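Below is one structure, written out as structure tokens; comments come after it.
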Amino acid sequence: MLTKLARVILATAAFAFAAGAAQAQTPKKGGTLNFAISAETPHYDCHGSDTYATLHFSSPFYSTLLRYNLNKFPEVEADLAKSWTVSPDQLTYTFMLHDGVKFHDGTPLTSTDVKATFDRLRNPPQGVISNRKATFADIESIETPNPTTIVFKLKAVNSSMLDHFASPWNCIYAAKDLAADPNAPKTKINGTGPFTFVEHIKGSHVAGKRNENYFKQGLPYLDGYRGIFMLQAAAMLNALQGGQVLAEFRGVSPAERDRMVAAMGDKLRVEESSWTLNLVVVFNVEKKPFDDPRVRKALLMAIDRWGGSQGLSKISTLRSVGGVVRPGSPLATPEAELVKLPGFSKDIAKSRAEAKKLLAEAGVSNLKFTLWNRNLAMPYTPAGVFLVDQWRQIGVEVEHKQSDTAPYVSALQSGNFEVAIDFNNLFNDDASLAMTKYLSHKGNPLNMSRSNDAEIDKLYEQQVRERDPGKRRELIMALEKRLFEQGYQQPLLWWHRIVLSHKTVMGWKMSPSHNLGADLADVWLNQ
Amino acid sequence: MLRYTINRVLLMIPTLIGVAVLVFFLLRVVPGDIVEVKLRGDGGNVSQETIEMERKRFGLDRPLIVQFADWMIGMAKLDLGRSMWTERPVIEEISLRLELSLQVAIMATLIAVLIAIPLGTLAALFRDTWIDYLMRIITIGGLSIPSFWFGMLIMLSLLAFFNWLPPITFTPIYVDPVANLKQLIWPAIAVGYRYCAVVARMIRSSLLEVLNEDYIRTARAKGVFERLVISRHALRNALLPAITVIGLEFTFLIGGLVVTEQVFNLNGIGQLFVQSVSRNDFMLIQGMVMLIAAFYVFVNLIIDLLYAWFDPRIRYN
């Protein structure tokens, strides 16, 4: 009898084989894809959102200037831009747009629309929210020499700029729509994407149909799709098993994967990848004794990440041990270097002995505190339980307090906590994006530890401006070292993404981010 | 009777105002606000200035009493405001889901009443026989098994035995009755079973009590047919307490089917309620509480009026 693990391995191997076979198959046109979306977006505006719920909803309707090539992630490829050039001083980015692109309402797309979109992103008008304002702060001017060329001039070199241009959140809107109402994209959909909007029934589903005028020849393959909002994992899994939905593109837990593999066997495709998401242990440096770096460092050193990842990966979406940049990605700190940093030692007994010593030196041998956590079963609860146990092993008593999102966010934002489990939600492997969270609290709402460290800010700024990738990597490692020595906050573990789909769903590409590859242009049904 | 009805309708106003005061001010005690959840809940890099701008736009920066007065004035004009999450009218958000929740509640009530009345009556008439024992087993099962769990069993059984599941998106009954019933009959059965058990037990015990009353003995002594004794004299009186239970259960079903809605992926009021609470969407929560409170008050009034119809001895003077 096959064990669960063996079944998973077989299913994954079968997938690898099938994936190879799929490459060889000619895509078929037609059909409607029903897939599950495990959250519902509050509005349609990509610029003012950070939730995948908006992207899984809006991406099929929109295009972006560049995007990630998911076959060669994190390589960037053209989307609306057919080509681009970067000046030798890296201060000018010129994009040539495809000809004949039309918005769904029939209006031709020109460089003016792209300019209006990026102006809205970097300098939103009164009453408009752009979560990417800081991202594009280095843009000095945007010029449109002709309808198919757009030129971005930067104030200073920004080594992450191409990644910023490839962000899935930069949906291109029509200039005339923005002129009529700068907030129009919140409630109205008019893009250049592969699908046109059919309906959004609140709480139920979103539907789209093929954009016959899509600028990429022959795409999309599907006649249409329905994204069905299924907030409960159990209901979603039943629907997947029953064939009412053919996929869910965010991710499931290992236990859910095992259940589905056992139930569906070779009808199911299982795709796995490391995930651009991590949980972060945060100490509020404004609360005693967490204002003492020795206490913070001691608590980080007591965590056996290497052992924990083995256990937690069996029951939760947590898996990889890594620093601030996703492990395995080009700018990540190699394991040999990582183990030298506080909190990452593989000799946990020695590490914990040192941690106890540090606590004694700080005069808090009998430390007690409350760990704030989010009231979400996966993976917050197992992570919280794990931490409580790890700290108990150096004599620290922890109360695990889980709360709903509203009070949790409120506690973290207002600094009304001692220690908390936070998260870093990324969409790529860009170091600048990953490290934003750790910049000084003054002017950075993402830093929940409320720490202000000029050295970290300086190292961050230097790596952003550094053109040489080797030197940039050294700066990133220096920043990481400083951050972990001070112990303001530290990634606990990185998530592991598992996506389930029926084998009839073809052409969808797995990536380390659930925010990418949601436009469905290449997806087809093998029925 | 008319005067009584008018008095009761007028009494609904202070009751609902009391509910409004309670829900408005109690919600403000909960820490956190929707702007933070909306803009920073997923790790958004949004400045404090933007947060303040949004708070101002929603009017959250104004004194509580002003916000309350605004809301009350809106309610007087049947305007419940806009959801702070979707920024759509609260009435639109609720009405979308109310149709489904109301239909499930009506179907569950029909299932419950149609099964419970004969079941409870037979159990009382054949007390301590195998019929009574069978009824007790069925009803104890209904009371013991949570509706959501029974719902899960239904779903898994449909999947395991027929490799079929009900539709997961709602089609109104006037658009496609077959698709509508295919989806909603299963949650109605899941919920109706527990509901039926409560009502059947109530009818059984009530009927047993009534059957020992003097007027039943008198009717039998007069030679009235047994069927008439039961249906016209005994059952009519025994139904009084059951009506109260049926009414209260029906109202509960409008907003209380959270887990069952999750199991069947129903886009109902219960799910909306839970989501809006977790997001601190004050306007939507307030709107839904007021809706459910109004349902309770209205159904209670109907129950009281039905009492007089079932029992002519009851007079409201």
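A note on labels: chains of the structure tokens are A, B, ... as shown, every chain counts residues from 1, and ligands are counted from 1 in their shown order.
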Taking only C-alpha atoms into account, find every residue of chain A that has an atom no more than 7 Å from chain B, and write it out as an mmCIF file with C-alpha atoms, in the first residue's frame.
```cif
data_model
loop_
_atom_site.group_PDB
_atom_site.id
_atom_site.type_symbol
_atom_site.label_atom_id
_atom_site.label_comp_id
_atom_site.auth_asym_id
_atom_site.auth_seq_id
_atom_site.Cartn_x
_atom_site.Cartn_y
_atom_site.Cartn_z
ATOM 1 C CA PRO A 42 -12.728 44.742 -2.392
ATOM 2 C CA HIS A 43 -12.190 46.696 -5.646
ATOM 3 C CA ASP A 50 -1.606 44.291 -2.205
ATOM 4 C CA THR A 51 -3.794 41.247 -2.198
ATOM 5 C CA ASN A 131 0.685 51.382 -2.988
ATOM 6 C CA GLY A 203 -19.600 36.991 -3.082
ATOM 7 C CA SER A 204 -20.058 34.513 -5.914
ATOM 8 C CA MET A 230 -14.409 29.924 -2.391
ATOM 9 C CA GLN A 232 -13.282 27.798 2.727
ATOM 10 C CA ALA A 235 -15.499 23.514 0.118
ATOM 11 C CA GLY A 242 -16.062 17.023 -7.991
ATOM 12 C CA ASP A 404 -8.637 38.427 13.937
ATOM 13 C CA THR A 405 -7.004 40.484 11.227
ATOM 14 C CA ALA A 406 -8.403 43.855 12.366
ATOM 15 C CA PRO A 407 -7.132 43.810 15.975
ATOM 16 C CA VAL A 409 -3.118 44.772 12.270
ATOM 17 C CA SER A 410 -4.127 47.436 14.763
ATOM 18 C CA ASN A 424 6.563 39.698 4.187
ATOM 19 C CA ASN A 425 4.399 39.366 1.101
ATOM 20 C CA PRO A 445 4.928 51.738 8.068
ATOM 21 C CA LEU A 446 6.018 48.229 7.075
#
```
*Which residues come within 9 Å of A:Leu277, counting only C-alpha atoms, excluding same-chain residues fewer than 3 positions away, as a list in words?*
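Returned residues: Ser274, Arg326, Phe423, Asn424, Asn425, Leu426, Phe427, Leu493, Trp494, Trp495, His496, Pro512 and Ser513 of chain A.
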Print the selection's residues with N, CA and C atoms to a file, as a compact mmCIF listing (two decimals), in the first residue's frame.
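See result26.txt below for the written result:
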```txt
# COMPACT_ATOMS: atom_id res chain seq x y z
N SER A 274 9.15 26.83 -4.12
CA SER A 274 9.31 27.69 -2.95
C SER A 274 8.47 28.95 -3.22
N ARG A 326 14.58 35.43 -0.80
CA ARG A 326 14.12 34.03 -0.91
C ARG A 326 15.29 33.08 -1.13
N PHE A 423 4.49 39.15 8.53
CA PHE A 423 4.75 38.45 7.27
C PHE A 423 5.33 39.41 6.25
N ASN A 424 6.03 38.88 5.27
CA ASN A 424 6.56 39.70 4.19
C ASN A 424 6.03 39.11 2.89
N ASN A 425 5.10 39.84 2.28
CA ASN A 425 4.40 39.37 1.10
C ASN A 425 5.05 39.98 -0.14
N LEU A 426 5.80 39.18 -0.89
CA LEU A 426 6.56 39.68 -2.04
C LEU A 426 6.01 39.08 -3.33
N PHE A 427 6.41 39.64 -4.45
CA PHE A 427 5.98 39.03 -5.71
C PHE A 427 7.16 38.68 -6.60
N LEU A 493 10.50 31.35 8.68
CA LEU A 493 10.67 30.36 7.60
C LEU A 493 9.96 30.88 6.36
N TRP A 494 10.40 30.43 5.21
CA TRP A 494 9.75 30.79 3.96
C TRP A 494 8.68 29.78 3.63
N TRP A 495 7.66 30.23 2.94
CA TRP A 495 6.54 29.36 2.61
C TRP A 495 6.88 28.47 1.41
N HIS A 496 6.08 27.43 1.29
CA HIS A 496 6.22 26.51 0.16
C HIS A 496 4.88 26.47 -0.57
N PRO A 512 7.22 31.09 -8.19
CA PRO A 512 7.33 31.23 -6.72
C PRO A 512 6.38 32.28 -6.14
N SER A 513 5.61 32.94 -6.99
CA SER A 513 4.69 33.94 -6.45
C SER A 513 3.27 33.69 -6.93
```
Check your understanding: What residues in stretch 79-216 of chain B get the DSSP label helix (DSSP H, G or I)? Please answer as a PyMOL selection string.
Key -> chain B and resi 90-125+130-144+147-162+177-211+214-216
Review point. Which residues come within 12 Å of A:Val324, counting only C-alpha atoms, excluding same-chain residues fewer than 3 positions away, as a PyMOL selection string?
Key: chain A and resi 276-281+320-321+327-329+331-334+338+423-426+429-438+476-484+489-494
Convert the current residue selection to file output with C-alpha atoms, as a short mmCIF file (atom, residue, chain, number, x, y, z; two decimals), in the first residue's frame.
```cif
data_model
loop_
_atom_site.label_atom_id
_atom_site.label_comp_id
_atom_site.auth_asym_id
_atom_site.auth_seq_id
_atom_site.Cartn_x
_atom_site.Cartn_y
_atom_site.Cartn_z
CA THR A 276 8.05 34.49 -2.18
CA LEU A 277 6.36 34.77 1.20
CA ASN A 278 7.82 34.47 4.65
CA LEU A 279 6.77 34.81 8.25
CA VAL A 280 8.80 37.26 10.30
CA VAL A 281 9.48 37.27 14.05
CA SER A 320 12.60 26.82 3.57
CA VAL A 321 15.17 28.37 5.89
CA PRO A 327 16.51 31.10 -0.47
CA GLY A 328 17.73 29.77 -3.79
CA SER A 329 17.14 33.04 -5.62
CA LEU A 331 20.62 37.43 -4.45
CA ALA A 332 19.98 35.10 -1.51
CA THR A 333 22.65 34.51 1.10
CA PRO A 334 24.16 31.03 0.56
CA LEU A 338 23.64 32.01 6.54
CA PHE A 423 4.75 38.45 7.27
CA ASN A 424 6.56 39.70 4.19
CA ASN A 425 4.40 39.37 1.10
CA LEU A 426 6.56 39.68 -2.04
CA ASP A 429 13.12 38.01 -5.69
CA ASP A 430 14.18 41.63 -5.84
CA ALA A 431 16.29 42.42 -2.77
CA SER A 432 15.07 46.01 -2.51
CA LEU A 433 11.47 44.89 -2.29
CA ALA A 434 12.34 42.20 0.27
CA MET A 435 14.34 44.59 2.45
CA THR A 436 11.90 47.50 2.51
CA LYS A 437 10.28 45.96 5.55
CA TYR A 438 13.48 46.37 7.55
CA ILE A 476 22.81 42.90 0.89
CA MET A 477 24.75 40.42 3.03
CA ALA A 478 26.14 43.26 5.13
CA LEU A 479 22.64 44.58 5.69
CA GLU A 480 21.40 41.14 6.66
CA LYS A 481 24.28 40.73 9.13
CA ARG A 482 23.54 44.07 10.76
CA LEU A 483 19.82 43.30 10.91
CA PHE A 484 20.25 39.89 12.53
CA GLN A 489 13.07 41.24 13.23
CA GLN A 490 14.00 38.13 11.31
CA PRO A 491 12.38 35.78 8.81
CA LEU A 492 11.16 32.66 10.58
CA LEU A 493 10.67 30.36 7.60
CA TRP A 494 9.75 30.79 3.96
#
```
- Could you pull the residues within 10 Å of A:Glu212, counting only C-alpha atoms, minus those fewer than 5 positions along the same chain, as number ranges by chain? A: 104, 194-196, 217-220, 223
Next on the checklist: Applying 10 Å and only C-alpha atoms, which residues near B:Tyr296 remain after dropping the ones on its own chain fewer than 6 positions away? List them as an MDAnalysis selection string.
Outcome noted: chainID B and resid 247:252 254 290 302
Next, dump the selected residues to file, keeping only C-alpha atoms, as a CSV table (one decimal), in the first residue's frame.
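As written to disk, result31.csv reads:
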```csv
chain,number,residue,atom,x,y,z
B,247,GLY,CA,-40.6,31.5,14.2
B,248,LEU,CA,-37.4,31.9,16.2
B,249,GLU,CA,-35.6,29.1,14.3
B,250,PHE,CA,-36.7,30.7,11.0
B,251,THR,CA,-35.2,34.1,12.0
B,252,PHE,CA,-32.0,32.4,13.2
B,254,ILE,CA,-31.5,34.2,8.0
B,290,MET,CA,-30.5,46.0,12.1
B,302,ILE,CA,-46.5,37.4,13.5
```
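If you count only C-alpha atoms and ignore residues fewer than 5 places along the chain from B:Trp309, what sits within 12 Å of it is Met1, Arg236, Asn237, Leu239, Leu240, Ile243, Ile302, Ile303, Asp304, Ile314, Arg315 and Tyr316 of chain B.
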(Q) Taking the DSSP secondary structure from the backbone, can you list the residues of stretch 195-392 of chain A that are strand (DSSP E), as number ranges by chain? (A) A: 195-201, 205-210, 224-229, 247-248, 268-283, 318-320, 368-374
The distance between atom CA of B:Val104 and atom CA of B:Ala188 is 5.5 Å
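Separating atom CA of B:Ala238 from atom CA of B:Ala308 is a distance of 13.6 Å.
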